[in-house]
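Asks: A single structure is presented below for examination.
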Amino acid sequence: IAVDIGSDHGRRIVVELVQSADVFVTNVRPDSLERAGLDYPSLRDVNPRLVYAQVTGFGLEGPDADRPGFDISAYWARSGMAHLHTPENGTPPIMRGGMGDHPTGLALAGGVAAALFHRERTGEGQMVSTSLYRQGVYTLGYDLSLVSSWGRCAPVTDHATAPSPTANSYRTRDGR
């Protein structure tokens with residue numbers, strides 16, 4: 001349900017729904033939720049069994065915690081994903097829509113499932129969160145490990161220099 005959380009009426013609607021809800025999912029910036037009284041501590045007081053699930057652009061801590069984040073800015077650019085896919089002296093390839101949104105949503109869904117399992121066992125709700133930036137960094141885990149362990153970056157490959165013919169793509173006879 002979409003409501004204007006900036007209004008008293010909107011806040012009352014959300015609080016009324018949360019009283020009997022299992023899960024509250026939001027992608028609203030943390031400072032806005034706090035101002036509206038819809039942050040985790042406030043809603044936990046309304047329903048201690050609530051699973052509060054929050055997605056942000058850049059996480060809940062740090063200088064960018066309250067900045068808006070989008071797939072292109074947080075997942076693609078800030079995480080280093082664009083750089084990883086850019087050939088030397090080239091321009092970054094165009095990112096497909098939802099590249100970061102989809103895995104970030106799946107990560108949050110996994111967190112919600114785990115929190116619901118925990119609640120079944122303990123009766124306690126909890127907060128789970130992830131961010132587009134965090135998911136981008138997780139996706140680049142192999143590359144980050146290579147840099148931190150060996151001080152080198154994985155090469156950007158093109159079709160002609162792919163390390164394995166089974167991990168490449170080829171144009172078919174009909175031009176596809």
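Ligands are numbered from 1 in the order shown, chains are lettered A, B, ... in the order of the structure tokens, and residues start at 1 in each chain.
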Within chain A, find each residue whose DSSP state, derived from the backbone, is strand (DSSP E), and express the selection as a VMD selection string.
Replies: chain A and resid 23 to 26 51 to 56 126 to 131
Asks: Mind writing the picked residues with N, CA and C atoms as a short mmCIF file (atom, residue, chain, number, x, y, z; two decimals), in the first residue's frame?
Replies:
data_model
loop_
_atom_site.label_atom_id
_atom_site.label_comp_id
_atom_site.auth_asym_id
_atom_site.auth_seq_id
_atom_site.Cartn_x
_atom_site.Cartn_y
_atom_site.Cartn_z
N VAL A 23 5.21 -8.45 8.11
CA VAL A 23 6.40 -7.85 7.53
C VAL A 23 6.09 -6.44 7.05
N PHE A 24 7.01 -5.53 7.30
CA PHE A 24 6.95 -4.16 6.78
C PHE A 24 8.17 -4.00 5.87
N VAL A 25 7.95 -3.72 4.58
CA VAL A 25 9.03 -3.56 3.62
C VAL A 25 9.06 -2.11 3.15
N THR A 26 10.26 -1.52 3.17
CA THR A 26 10.37 -0.13 2.75
C THR A 26 11.69 0.12 2.02
N VAL A 51 8.57 -8.08 11.41
CA VAL A 51 9.83 -8.16 10.67
C VAL A 51 9.88 -6.91 9.81
N TYR A 52 10.86 -6.07 10.07
CA TYR A 52 11.02 -4.78 9.41
C TYR A 52 12.13 -4.94 8.38
N ALA A 53 11.80 -4.80 7.11
CA ALA A 53 12.76 -5.04 6.02
C ALA A 53 13.00 -3.75 5.26
N GLN A 54 14.26 -3.32 5.24
CA GLN A 54 14.58 -2.03 4.63
C GLN A 54 15.70 -2.15 3.60
N VAL A 55 15.44 -1.60 2.42
CA VAL A 55 16.45 -1.50 1.37
C VAL A 55 16.82 -0.03 1.23
N THR A 56 18.12 0.23 1.17
CA THR A 56 18.59 1.60 0.93
C THR A 56 19.54 1.58 -0.26
N GLN A 126 12.32 -8.71 14.12
CA GLN A 126 13.62 -8.06 14.01
C GLN A 126 13.69 -7.27 12.71
N MET A 127 14.75 -6.50 12.61
CA MET A 127 14.99 -5.71 11.41
C MET A 127 16.02 -6.41 10.54
N VAL A 128 15.76 -6.43 9.23
CA VAL A 128 16.74 -6.90 8.25
C VAL A 128 16.90 -5.78 7.22
N SER A 129 18.11 -5.67 6.72
CA SER A 129 18.34 -4.61 5.73
C SER A 129 19.42 -5.03 4.75
N THR A 130 19.40 -4.42 3.61
CA THR A 130 20.47 -4.52 2.64
C THR A 130 20.46 -3.23 1.83
N SER A 131 21.44 -3.10 0.96
CA SER A 131 21.50 -1.91 0.12
C SER A 131 21.98 -2.29 -1.27
#
Asks: Find the residues near Met95 of chain A: any atom within 9 Å, counting only C-alpha atoms, skip ones fewer than 4 places away on the same chain, and give them as a tab-separated table (two decimals) with all heavy atoms, in the first residue's frame.
Replies:
chain	number	residue	atom	x	y	z
A	72	ILE	N	21.65	2.43	-10.94
A	72	ILE	CA	22.77	2.96	-11.72
A	72	ILE	C	23.83	3.61	-10.84
A	72	ILE	O	25.02	3.49	-11.09
A	72	ILE	CB	22.28	3.93	-12.82
A	72	ILE	CG1	23.39	4.23	-13.82
A	72	ILE	CG2	21.76	5.21	-12.25
A	72	ILE	CD1	23.46	3.29	-14.94
A	76	TRP	N	25.70	-0.08	-9.72
A	76	TRP	CA	26.53	-0.11	-10.93
A	76	TRP	C	27.78	0.74	-10.79
A	76	TRP	O	28.89	0.27	-11.02
A	76	TRP	CB	25.68	0.34	-12.10
A	76	TRP	CG	26.35	0.34	-13.44
A	76	TRP	CD1	26.68	1.45	-14.17
A	76	TRP	CD2	26.74	-0.77	-14.23
A	76	TRP	NE1	27.25	1.07	-15.36
A	76	TRP	CE2	27.30	-0.29	-15.43
A	76	TRP	CE3	26.69	-2.14	-14.06
A	76	TRP	CZ2	27.79	-1.11	-16.43
A	76	TRP	CZ3	27.17	-2.97	-15.05
A	76	TRP	CH2	27.71	-2.45	-16.22
A	82	ALA	N	30.65	-0.94	-12.89
A	82	ALA	CA	30.85	-0.30	-14.20
A	82	ALA	C	32.32	-0.37	-14.61
A	82	ALA	O	32.65	-0.68	-15.75
A	82	ALA	CB	30.36	1.14	-14.17
A	99	MET	N	19.50	-4.51	-12.94
A	99	MET	CA	20.64	-5.38	-12.68
A	99	MET	C	20.95	-5.49	-11.20
A	99	MET	O	21.28	-6.57	-10.71
A	99	MET	CB	21.88	-4.85	-13.40
A	99	MET	CG	22.25	-5.66	-14.60
A	99	MET	SD	23.74	-5.03	-15.37
A	99	MET	CE	24.96	-6.11	-14.66
Asks: One decimal, Å: what's the distance from atom CA of Ser164 of chain A over to atom CA of Leu106 of chain A, could you say?
Replies: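 Separation of atom CA of Ser164 of chain A and atom CA of Leu106 of chain A: 29.7 Å.
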Asks: Using only C-alpha atoms, which of the listed residues (A:Val137, A:Ala115, A:Ala109, A:Leu38) sits closest to Leu84 of chain A?
Replies: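 Closest candidate: A:Val137.
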Asks: State, in Å with one decimal place, the distance from atom CA of Leu140 of chain A to atom CA of Ser73 of chain A.
Replies: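 One can read the atom CA of Leu140 of chain A to atom CA of Ser73 of chain A distance as 15.6 Å.
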Asks: In terms of the shortest atom-to-atom distance over only C-alpha atoms, which of A:Val14, A:Gly80, A:Glu124, A:Ala65 is closest to Cys153 of chain A?
Replies: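 Ranked by minimum distance to Cys153 of chain A, first place goes to A:Gly80.
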Asks: Can you list, as number ranges by chain, every residue of segment 39-142 of chain A that DSSP puts in alpha helix (DSSP H)?
Replies: A: 40-46, 81-84, 101-122, 132-139, 141-142
